[in-house]
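These notes are about the structure you will find just below.
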Amino acid sequence: MRKQIQERIQRATSYHDKLLVYAQVYHSFTRGDFIPGGCPILNTAVDADDTNPLLKDKAARAVIRWKTGIENLIKAGIEAGELKPDINTTETALSMIALIEGGIMISKVTDSPANLDIILASVHNLVDNLKL
């Protein structure tokens, strides 16, 4: 999953488009192209948070790596003059992750891919609001 995201980020031509890659890749979840069983980070976090400290740590590191990647894209976009200079990078990154992971959970538990589409539209709006 991370490899697919990184390849698409490298092909994107603006930082806005690079940030939208996350919504686009997870949108493919609703089209049957997603990893069978759902999101491994979400599944591991939910299953291991109170029962398996080693797996919990792996899930936490994955979330932190994801957060850092988004923060770095935002910072680079600010430096390139593409994104607003006053963005709270941590808040934005965590919000994107929470929307995506929550959307996956809601979509899976309700058997409604449309619910993820609605939530990913919120991610798209969030990213759109970062532009100058």
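Residue numbering restarts at 1 for every chain of the structure tokens, chains are lettered A, B, ... in their displayed order, and ligands are numbered from 1 as they appear.
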
As a VMD selection string, please: the residues near Leu126 (chain A) (cut-off 10 Å, only C-alpha atoms, same-chain neighbours under 6 positions excluded). chain A and resid 19 to 20 92 95 to 96 120

Since we have the selection now, will you write its residues out, keeping N, CA and C atoms, as a PDB file, in the first residue's frame?
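This is the output file part-v6.pdb:
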```
ATOM      1  N   LEU A  19      -0.962  15.443  -1.972  1.00  0.00           N
ATOM      2  CA  LEU A  19      -1.783  15.186  -0.791  1.00  0.00           C
ATOM      3  C   LEU A  19      -3.085  14.477  -1.158  1.00  0.00           C
ATOM      4  N   LEU A  20      -3.615  14.782  -2.320  1.00  0.00           N
ATOM      5  CA  LEU A  20      -4.851  14.123  -2.751  1.00  0.00           C
ATOM      6  C   LEU A  20      -4.648  12.650  -3.072  1.00  0.00           C
ATOM      7  N   THR A  92      -3.588  18.872  10.544  1.00  0.00           N
ATOM      8  CA  THR A  92      -4.056  18.490   9.215  1.00  0.00           C
ATOM      9  C   THR A  92      -3.742  17.034   8.914  1.00  0.00           C
ATOM     10  N   SER A  95      -5.899  14.746  11.021  1.00  0.00           N
ATOM     11  CA  SER A  95      -7.288  14.807  10.553  1.00  0.00           C
ATOM     12  C   SER A  95      -7.467  13.971   9.288  1.00  0.00           C
ATOM     13  N   MET A  96      -6.527  14.080   8.368  1.00  0.00           N
ATOM     14  CA  MET A  96      -6.608  13.276   7.141  1.00  0.00           C
ATOM     15  C   MET A  96      -6.592  11.790   7.476  1.00  0.00           C
ATOM     16  N   LEU A 120     -14.227  10.580   2.043  1.00  0.00           N
ATOM     17  CA  LEU A 120     -13.074  10.969   1.227  1.00  0.00           C
ATOM     18  C   LEU A 120     -13.304  12.306   0.538  1.00  0.00           C
TER      19      LEU A 120
END
```

May I have the residues within 7 Å of region 76-89 of chain A as a list in words, using only C-alpha atoms and disregarding those fewer than 2 positions away in the same chain? Tyr15, Glu71, Asn72, Leu73, Ile74, Glu91, Thr92, Ala93, Leu130, Lys131 and Leu132 of chain A

Nearest to Met1 (chain A), chosen from A:His124, A:Leu55, A:Trp66, A:Leu99, with only C-alpha atoms counted in the distances: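 Of A:His124, A:Leu55, A:Trp66, A:Leu99, the one nearest Met1 (chain A) is A:Trp66, counting only C-alpha atoms.
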
Which polymer residues have any atom within 7 Å of an atom of Leu116 (chain A), counting only C-alpha atoms, with same-chain residues fewer than 2 positions away left out, as a PDB file with C-alpha atoms, in the first residue's frame?
```
ATOM      1  CA  GLY A 103     -14.139   6.125   6.668  1.00  0.00           C
ATOM      2  CA  ILE A 104     -12.765   2.672   5.986  1.00  0.00           C
ATOM      3  CA  SER A 107     -17.679   1.664   5.066  1.00  0.00           C
ATOM      4  CA  PRO A 113     -18.684   1.962  -0.025  1.00  0.00           C
ATOM      5  CA  ALA A 114     -20.703   5.157  -0.546  1.00  0.00           C
ATOM      6  CA  ILE A 118     -18.601  10.767   1.349  1.00  0.00           C
ATOM      7  CA  ILE A 119     -15.779  10.871   3.899  1.00  0.00           C
ATOM      8  CA  LEU A 120     -13.074  10.969   1.227  1.00  0.00           C
TER       9      LEU A 120
END
```
